[in-house]
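Structure data follow from protein_8.cif (mmCIF, C-alpha atoms):
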```cif
data_entry
loop_
_atom_site.label_atom_id
_atom_site.label_comp_id
_atom_site.auth_asym_id
_atom_site.auth_seq_id
_atom_site.Cartn_x
_atom_site.Cartn_y
_atom_site.Cartn_z
CA MET Q 13 -17.19 -17.71 -8.99
CA TYR Q 14 -18.06 -14.01 -8.90
CA VAL Q 15 -15.04 -11.73 -9.06
CA ILE Q 16 -14.89 -7.96 -8.66
CA ALA Q 17 -11.89 -6.98 -10.79
CA MET Q 18 -10.24 -3.57 -10.64
CA LEU Q 19 -10.78 -1.42 -13.72
CA VAL Q 20 -7.41 0.00 -14.73
CA PRO Q 21 -7.83 3.74 -15.37
CA VAL Q 22 -6.92 5.28 -18.70
CA ILE Q 23 -3.74 7.25 -18.06
CA ASP Q 24 -2.26 9.69 -20.55
CA PRO Q 25 1.01 8.24 -21.93
CA VAL Q 26 2.49 11.73 -21.49
CA ALA Q 27 3.53 12.00 -17.84
CA ILE Q 28 4.73 15.61 -17.87
CA GLN Q 29 4.18 18.37 -20.41
CA ILE Q 30 6.36 21.48 -20.33
CA GLY Q 31 5.35 23.74 -23.20
CA PRO Q 32 6.08 21.86 -26.43
CA ILE Q 33 8.11 19.22 -24.58
CA ASN Q 34 6.34 15.95 -23.73
CA ILE Q 35 7.88 13.55 -21.24
CA HIS Q 36 6.32 10.12 -21.63
CA TRP Q 37 6.03 7.50 -18.92
CA TYR Q 38 8.54 5.41 -20.83
CA GLY Q 39 11.14 8.16 -20.77
CA LEU Q 40 10.42 8.91 -17.12
CA SER Q 41 10.79 5.27 -16.11
CA TYR Q 42 14.06 4.82 -18.01
CA GLY Q 43 15.44 8.06 -16.59
CA LEU Q 44 14.43 7.22 -13.02
CA GLY Q 45 15.77 3.68 -13.33
CA LEU Q 46 19.13 4.91 -14.62
CA LEU Q 47 19.37 7.63 -11.96
CA LEU Q 48 18.59 5.32 -9.03
CA GLY Q 49 20.80 2.60 -10.50
CA TRP Q 50 23.70 5.07 -10.77
CA ILE Q 51 23.20 6.21 -7.17
CA TYR Q 52 23.08 2.60 -5.98
CA ILE Q 53 26.24 1.32 -7.68
CA SER Q 54 28.09 4.57 -6.84
CA SER Q 55 27.41 4.09 -3.13
CA LYS Q 56 30.12 3.28 -0.60
CA PHE Q 57 28.29 0.07 0.28
CA ILE Q 58 28.71 -1.35 -3.22
CA HIS Q 59 32.23 0.04 -3.64
CA ASP Q 60 33.37 -1.74 -0.46
CA TYR Q 61 32.26 -5.08 -1.93
CA ALA Q 62 33.44 -4.46 -5.53
CA ALA Q 63 36.27 -6.53 -7.00
CA ASP Q 64 37.65 -3.74 -9.21
CA LYS Q 65 38.35 -0.63 -7.11
CA PHE Q 66 39.10 1.40 -10.27
CA ILE Q 67 35.39 1.46 -11.07
CA GLY Q 68 34.42 4.34 -8.81
CA ARG Q 69 31.76 7.06 -8.99
CA GLU Q 70 33.61 9.03 -11.69
CA MET Q 71 34.09 6.00 -13.96
CA ILE Q 72 30.46 4.98 -13.49
CA SER Q 73 29.38 8.51 -14.42
CA ASN Q 74 31.52 8.32 -17.55
CA PHE Q 75 29.88 5.04 -18.46
CA LEU Q 76 26.30 6.28 -18.00
CA PRO Q 77 25.92 7.73 -21.55
CA TRP Q 78 27.30 4.49 -22.97
CA ALA Q 79 24.73 2.53 -20.98
CA ILE Q 80 21.89 4.76 -22.19
CA VAL Q 81 22.89 4.36 -25.84
CA GLY Q 82 23.33 0.59 -25.48
CA ILE Q 83 19.98 0.08 -23.76
CA ILE Q 84 17.96 2.29 -26.12
CA LEU Q 85 19.52 1.14 -29.40
CA GLY Q 86 19.65 -2.51 -28.37
CA GLY Q 87 16.17 -2.48 -26.88
CA ARG Q 88 14.57 -0.81 -29.87
CA PHE Q 89 16.35 -2.73 -32.62
CA GLY Q 90 15.84 -5.94 -30.66
CA TYR Q 91 12.10 -5.30 -30.66
CA VAL Q 92 12.09 -4.40 -34.35
CA LEU Q 93 14.03 -7.51 -35.38
CA ILE Q 94 12.43 -10.05 -33.01
CA TYR Q 95 8.86 -8.94 -32.57
CA ASP Q 96 7.58 -7.00 -35.59
CA LEU Q 97 10.12 -6.81 -38.43
CA SER Q 98 7.58 -6.88 -41.29
CA TYR Q 99 5.65 -3.91 -39.84
CA PHE Q 100 8.74 -1.75 -39.38
CA LEU Q 101 10.08 -2.58 -42.85
CA GLU Q 102 6.89 -1.06 -44.20
CA ASN Q 103 6.93 1.83 -41.69
CA LEU Q 104 10.57 2.83 -41.28
CA HIS Q 105 9.58 6.22 -39.84
CA GLU Q 106 8.08 4.43 -36.82
CA ILE Q 107 11.37 2.88 -35.69
CA TYR Q 108 12.58 5.92 -33.74
CA LYS Q 109 9.25 6.49 -31.95
CA ILE Q 110 10.14 4.57 -28.82
CA TRP Q 111 7.65 6.59 -26.76
CA ASN Q 112 4.87 4.61 -28.47
CA GLY Q 113 6.19 1.44 -26.84
CA GLY Q 114 8.16 -1.44 -28.25
CA MET Q 115 11.39 -2.13 -26.39
CA SER Q 116 12.89 -5.60 -26.07
CA PHE Q 117 14.61 -6.43 -22.79
CA HIS Q 118 16.74 -9.08 -24.47
CA GLY Q 119 17.74 -6.61 -27.21
CA GLY Q 120 18.63 -4.03 -24.57
CA LEU Q 121 20.72 -6.67 -22.80
CA VAL Q 122 22.73 -7.35 -25.96
CA GLY Q 123 23.10 -3.62 -26.53
CA ILE Q 124 24.45 -2.89 -23.08
CA ILE Q 125 26.78 -5.91 -23.20
CA ILE Q 126 28.32 -4.50 -26.37
CA SER Q 127 28.64 -0.98 -24.93
CA THR Q 128 30.12 -2.41 -21.70
CA LEU Q 129 32.66 -4.47 -23.62
CA ILE Q 130 33.78 -1.47 -25.70
CA PHE Q 131 33.95 0.82 -22.66
CA SER Q 132 35.89 -1.66 -20.54
CA LYS Q 133 38.44 -2.18 -23.33
CA LYS Q 134 38.79 1.57 -23.85
CA TYR Q 135 39.45 2.28 -20.17
CA LYS Q 136 41.24 -1.01 -19.41
CA LEU Q 137 38.66 -2.23 -16.90
CA ASN Q 138 37.62 -5.75 -16.07
CA PHE Q 139 34.58 -6.35 -18.27
CA LEU Q 140 32.89 -8.74 -15.84
CA SER Q 141 33.42 -6.40 -12.87
CA LEU Q 142 31.63 -3.61 -14.73
CA ALA Q 143 28.95 -6.01 -15.95
CA ASP Q 144 28.37 -7.11 -12.34
CA LEU Q 145 27.63 -3.54 -11.28
CA LEU Q 146 25.10 -3.27 -14.08
CA ALA Q 147 23.57 -6.62 -13.10
CA ILE Q 148 22.88 -5.62 -9.49
CA SER Q 149 21.32 -2.31 -10.56
CA ALA Q 150 19.33 -3.57 -13.58
CA PRO Q 151 16.31 -4.75 -11.53
CA ILE Q 152 15.69 -1.13 -10.52
CA GLY Q 153 15.19 -0.08 -14.14
CA ILE Q 154 13.22 -3.24 -14.93
CA PHE Q 155 10.80 -2.48 -12.08
CA PHE Q 156 10.00 1.01 -13.36
CA GLY Q 157 9.82 -0.23 -16.95
CA ARG Q 158 7.17 -2.82 -16.05
CA ILE Q 159 5.17 -0.22 -14.14
CA SER Q 160 5.19 1.87 -17.32
CA ASN Q 161 3.91 -1.14 -19.26
CA PHE Q 162 1.03 -1.38 -16.78
CA ILE Q 163 0.23 2.32 -17.11
CA ASN Q 164 0.29 2.06 -20.92
CA HIS Q 165 -1.84 -1.14 -20.88
CA GLU Q 166 0.86 -3.13 -22.71
CA LEU Q 167 1.82 -6.78 -22.34
CA ILE Q 168 -1.55 -7.58 -20.82
CA GLY Q 169 -2.27 -10.81 -18.98
CA LYS Q 170 -4.42 -13.79 -19.73
CA PRO Q 171 -8.02 -14.01 -18.45
CA SER Q 172 -8.22 -14.65 -14.71
CA ASP Q 173 -10.83 -14.89 -11.96
CA LEU Q 174 -8.38 -14.23 -9.14
CA PRO Q 175 -9.31 -11.52 -6.61
CA TRP Q 176 -6.46 -9.25 -7.79
CA SER Q 177 -7.30 -9.52 -11.49
CA VAL Q 178 -7.76 -6.30 -13.46
CA ILE Q 179 -9.78 -5.08 -16.43
CA TYR Q 180 -7.93 -3.14 -19.10
CA PRO Q 181 -10.11 -0.43 -20.68
CA THR Q 182 -8.40 -0.68 -24.08
CA GLY Q 183 -9.58 -4.23 -24.81
CA GLU Q 184 -12.50 -6.50 -24.07
CA LEU Q 185 -13.93 -6.00 -20.59
CA ILE Q 186 -12.45 -9.25 -19.29
CA SER Q 187 -10.69 -9.61 -15.96
CA ARG Q 188 -7.03 -10.52 -16.49
CA HIS Q 189 -3.80 -11.22 -14.67
CA PRO Q 190 -1.88 -7.98 -14.02
CA SER Q 191 1.12 -9.61 -15.71
CA GLN Q 192 3.17 -6.40 -15.77
CA ILE Q 193 2.91 -6.19 -11.98
CA TYR Q 194 4.01 -9.83 -11.69
CA GLU Q 195 7.09 -8.97 -13.74
CA ALA Q 196 7.76 -5.78 -11.77
CA ILE Q 197 7.71 -7.82 -8.55
CA LEU Q 198 9.70 -10.85 -9.76
CA GLU Q 199 12.16 -9.31 -12.23
CA GLY Q 200 12.40 -6.07 -10.28
CA LEU Q 201 11.92 -6.27 -6.51
CA VAL Q 202 12.62 -9.96 -5.85
CA LEU Q 203 15.67 -10.10 -8.14
CA PHE Q 204 17.03 -6.86 -6.64
CA PHE Q 205 16.91 -8.30 -3.10
CA ILE Q 206 18.35 -11.65 -4.18
CA LEU Q 207 21.37 -9.82 -5.60
CA LEU Q 208 21.57 -7.47 -2.61
CA VAL Q 209 21.68 -10.37 -0.13
CA ALA Q 210 24.17 -12.23 -2.33
CA CYS Q 211 26.43 -9.16 -2.38
CA LYS Q 212 26.28 -8.65 1.37
CA ARG Q 213 26.27 -12.22 2.67
CA TYR Q 214 28.16 -14.14 -0.02
CA ARG Q 215 30.42 -11.34 -1.35
CA ILE Q 216 29.60 -12.24 -4.97
CA LEU Q 217 31.14 -9.00 -6.26
CA ARG Q 218 34.56 -10.21 -5.10
CA THR Q 219 34.54 -12.76 -7.93
CA PRO Q 220 33.94 -11.01 -11.28
CA GLY Q 221 31.05 -12.57 -13.19
CA ASN Q 222 29.11 -14.10 -10.31
CA ALA Q 223 26.59 -11.26 -9.97
CA SER Q 224 26.05 -11.27 -13.74
CA ALA Q 225 25.53 -15.04 -13.65
CA ILE Q 226 22.94 -14.85 -10.87
CA PHE Q 227 21.13 -12.05 -12.68
CA LEU Q 228 20.98 -13.98 -15.96
CA ILE Q 229 19.76 -17.19 -14.32
CA PHE Q 230 17.09 -15.67 -12.10
CA TYR Q 231 15.86 -13.19 -14.70
CA GLY Q 232 15.44 -16.05 -17.16
CA VAL Q 233 13.50 -18.12 -14.61
CA PHE Q 234 11.28 -15.21 -13.56
CA ARG Q 235 10.62 -14.17 -17.15
CA ILE Q 236 9.52 -17.68 -18.11
CA ILE Q 237 7.20 -17.82 -15.07
CA SER Q 238 5.73 -14.40 -15.93
CA GLU Q 239 5.15 -15.38 -19.55
CA ILE Q 240 2.81 -18.14 -18.36
CA TYR Q 241 0.34 -15.45 -17.23
CA ARG Q 242 0.87 -13.00 -20.10
CA LEU Q 243 -0.69 -12.93 -23.53
CA PRO Q 244 1.89 -13.40 -26.31
CA ASP Q 245 2.51 -10.55 -28.75
CA GLU Q 246 -0.42 -10.51 -31.16
CA GLN Q 247 1.75 -10.43 -34.30
CA ILE Q 248 3.73 -13.51 -33.15
CA GLY Q 249 1.44 -15.60 -30.98
CA TYR Q 250 2.67 -18.86 -29.48
CA ILE Q 251 5.68 -20.51 -31.11
CA PHE Q 252 4.31 -23.95 -30.24
CA GLY Q 253 1.86 -25.10 -27.58
CA GLN Q 254 1.92 -22.44 -24.84
CA VAL Q 255 5.56 -21.52 -25.48
CA THR Q 256 6.26 -17.85 -26.32
CA ILE Q 257 9.22 -16.14 -27.93
CA GLY Q 258 9.98 -14.54 -24.55
CA MET Q 259 10.40 -17.97 -22.98
CA ILE Q 260 12.62 -19.23 -25.78
CA ILE Q 261 15.06 -16.31 -25.76
CA SER Q 262 15.29 -16.46 -21.96
CA ILE Q 263 16.82 -19.95 -22.13
CA PRO Q 264 20.18 -18.82 -23.64
CA MET Q 265 20.40 -16.24 -20.82
CA MET Q 266 20.09 -18.95 -18.22
CA ILE Q 267 22.63 -21.17 -19.98
CA LEU Q 268 25.12 -18.28 -20.18
CA GLY Q 269 24.54 -17.59 -16.48
CA ILE Q 270 25.23 -21.21 -15.55
CA ILE Q 271 28.43 -21.19 -17.64
CA LEU Q 272 29.60 -17.98 -15.92
CA LEU Q 273 28.84 -19.36 -12.48
CA ASN Q 274 30.73 -22.59 -13.13
CA ARG Q 275 33.80 -21.24 -14.93
CA LYS Q 276 37.16 -22.18 -13.37
CA ASN Q 277 38.37 -20.05 -10.46
CA GLY Q 278 36.33 -17.01 -11.56
CA LYS Q 279 38.93 -16.14 -14.19
CA LYS Q 280 38.85 -12.59 -15.48
CA ILE Q 281 37.54 -11.77 -18.94
#
```
Give the structure from the file, written as structure tokens.
Amino acid sequence: MYVIAMLVPVIDPVAIQIGPINIHWYGLSYGLGLLLGWIYISSKFIHDYAADKFIGREMISNFLPWAIVGIILGGRFGYVLIYDLSYFLENLHEIYKIWNGGMSFHGGLVGIIISTLIFSKKYKLNFLSLADLLAISAPIGIFFGRISNFINHELIGKPSDLPWSVIYPTGELISRHPSQIYEAILEGLVLFFILLVACKRYRILRTPGNASAIFLIFYGVFRIISEIYRLPDEQIGYIFGQVTIGMIISIPMMILGIILLNRKNGKKI
């Protein structure tokens, strides 16, 4: 079968340059994701459905720096520990260079859970209510993050002869699945609308923990599906058969989500 694949253009990793200041696509995507997420969960629509009315715009604004620190530290150290520990032990000065790529979603998830737990204890908020707000807004940031991966030619897909396959200029001229776009659609757009409909139609925010549970379950499912079409990290490869580390660490997320969804009477934590 003859396929005309799109050649992905080489795009400068620096999105905006203002004098000596370079703003990378990574930084832009994280910033835009956080901004739009903050606007979304600060809206009257979400507040009307929220279980904890004490978590308003001001409290969310106070939490924003905590979220940023949790995501960045957790995401970076998660990547270092899970994906390339030996390299970073030999190149400690590379750890802080997050603009070169290398952020783990699962590490960022652990980081923001910790920051959310500390913040909720400090301000006497329901931890799960705050976590739910993060869960319904997280797909926004994930979407922009995956688009950045596509721009930076990271996490490339397996060879494909499908009509929408792409050719990455940084590797062999082979048509491949645009796996980052798959993830942006599934983990970003589709998951966002699943949570939006669940909030509006099923009032999931009224029971603390339900939105978080749905996010964990569906993200885990979508991540495993996406990993089928994505090349594993070169330094790790497949764990066994066609199973990747991304698939394996998505399973505990799904289990935790099922436990949250089935806990008795939606008890507060």
Inset, instruction - For the structure provided, state which residues fall under the PyMOL selection byres ((chain Q and resi 238-248) around 12), and present them as a PyMOL selection string. - result: chain Q and resi 91-92+94-99+114+116+158+166-172+174+177+188-199+231-237+249-262
- Message: Can you spell out as a PyMOL selection string the set of residues that the PyMOL selection byres ((chain Q and resi 47) around 12) selects in the structure I just provided?
- Response: chain Q and resi 40-46+48-54+72-73+76-77+79-80+149-150+152-153+156
Residues within 12 Å of segment 213-221 of chain Q, please, as a JSON list (two decimals) with C-alpha atoms, keeping the file's coordinate frame. Count only C-alpha atoms; anything in the same chain fewer than 3 positions from it doesn't count.
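Writing the result to selection.json gives the following:
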```
[["chain", "number", "residue", "atom", "x", "y", "z"],
["Q", 53, "ILE", "CA", 26.24, 1.32, -7.68],
["Q", 57, "PHE", "CA", 28.29, 0.07, 0.28],
["Q", 58, "ILE", "CA", 28.71, -1.35, -3.22],
["Q", 59, "HIS", "CA", 32.23, 0.04, -3.64],
["Q", 60, "ASP", "CA", 33.37, -1.74, -0.46],
["Q", 61, "TYR", "CA", 32.26, -5.08, -1.93],
["Q", 62, "ALA", "CA", 33.44, -4.46, -5.53],
["Q", 63, "ALA", "CA", 36.27, -6.53, -7.00],
["Q", 64, "ASP", "CA", 37.65, -3.74, -9.21],
["Q", 65, "LYS", "CA", 38.35, -0.63, -7.11],
["Q", 137, "LEU", "CA", 38.66, -2.23, -16.90],
["Q", 138, "ASN", "CA", 37.62, -5.75, -16.07],
["Q", 139, "PHE", "CA", 34.58, -6.35, -18.27],
["Q", 140, "LEU", "CA", 32.89, -8.74, -15.84],
["Q", 141, "SER", "CA", 33.42, -6.40, -12.87],
["Q", 142, "LEU", "CA", 31.63, -3.61, -14.73],
["Q", 143, "ALA", "CA", 28.95, -6.01, -15.95],
["Q", 144, "ASP", "CA", 28.37, -7.11, -12.34],
["Q", 145, "LEU", "CA", 27.63, -3.54, -11.28],
["Q", 146, "LEU", "CA", 25.10, -3.27, -14.08],
["Q", 147, "ALA", "CA", 23.57, -6.62, -13.10],
["Q", 148, "ILE", "CA", 22.88, -5.62, -9.49],
["Q", 205, "PHE", "CA", 16.91, -8.30, -3.10],
["Q", 206, "ILE", "CA", 18.35, -11.65, -4.18],
["Q", 207, "LEU", "CA", 21.37, -9.82, -5.60],
["Q", 208, "LEU", "CA", 21.57, -7.47, -2.61],
["Q", 209, "VAL", "CA", 21.68, -10.37, -0.13],
["Q", 210, "ALA", "CA", 24.17, -12.23, -2.33],
["Q", 224, "SER", "CA", 26.05, -11.27, -13.74],
["Q", 225, "ALA", "CA", 25.53, -15.04, -13.65],
["Q", 226, "ILE", "CA", 22.94, -14.85, -10.87],
["Q", 227, "PHE", "CA", 21.13, -12.05, -12.68],
["Q", 228, "LEU", "CA", 20.98, -13.98, -15.96],
["Q", 268, "LEU", "CA", 25.12, -18.28, -20.18],
["Q", 269, "GLY", "CA", 24.54, -17.59, -16.48],
["Q", 270, "ILE", "CA", 25.23, -21.21, -15.55],
["Q", 271, "ILE", "CA", 28.43, -21.19, -17.64],
["Q", 272, "LEU", "CA", 29.60, -17.98, -15.92],
["Q", 273, "LEU", "CA", 28.84, -19.36, -12.48],
["Q", 274, "ASN", "CA", 30.73, -22.59, -13.13],
["Q", 275, "ARG", "CA", 33.80, -21.24, -14.93],
["Q", 276, "LYS", "CA", 37.16, -22.18, -13.37],
["Q", 277, "ASN", "CA", 38.37, -20.05, -10.46],
["Q", 278, "GLY", "CA", 36.33, -17.01, -11.56],
["Q", 279, "LYS", "CA", 38.93, -16.14, -14.19],
["Q", 280, "LYS", "CA", 38.85, -12.59, -15.48],
["Q", 281, "ILE", "CA", 37.54, -11.77, -18.94]]
```
Go ahead and compute the interatomic distance for atom CA of Ile35 of chain Q and atom CA of Val81 of chain Q, in Å to one decimal.
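About the pair atom CA of Ile35 of chain Q and atom CA of Val81 of chain Q: they are 18.2 Å apart.
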From atom CA of Ile124 of chain Q to atom CA of Ile83 of chain Q the spacing works out at 5.4 Å
Name the residues that the PyMOL selection byres ((chain Q and resi 24) around 12) pulls out of this structure, and write them as a PyMOL selection string. chain Q and resi 21-23+25-29+34-38+112+160+163-165
Between Q:Val20, Q:Ile107, Q:Leu203, Q:Asn74, smallest distance to Tyr135 of chain Q by only C-alpha atoms belongs to Q:Asn74
- Query: Between atom CA of Gly39 of chain Q and atom CA of Ile159 of chain Q, what is the spacing in Å?
  - Reply: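 Separation of atom CA of Ile159 of chain Q and atom CA of Gly39 of chain Q: 12.2 Å.
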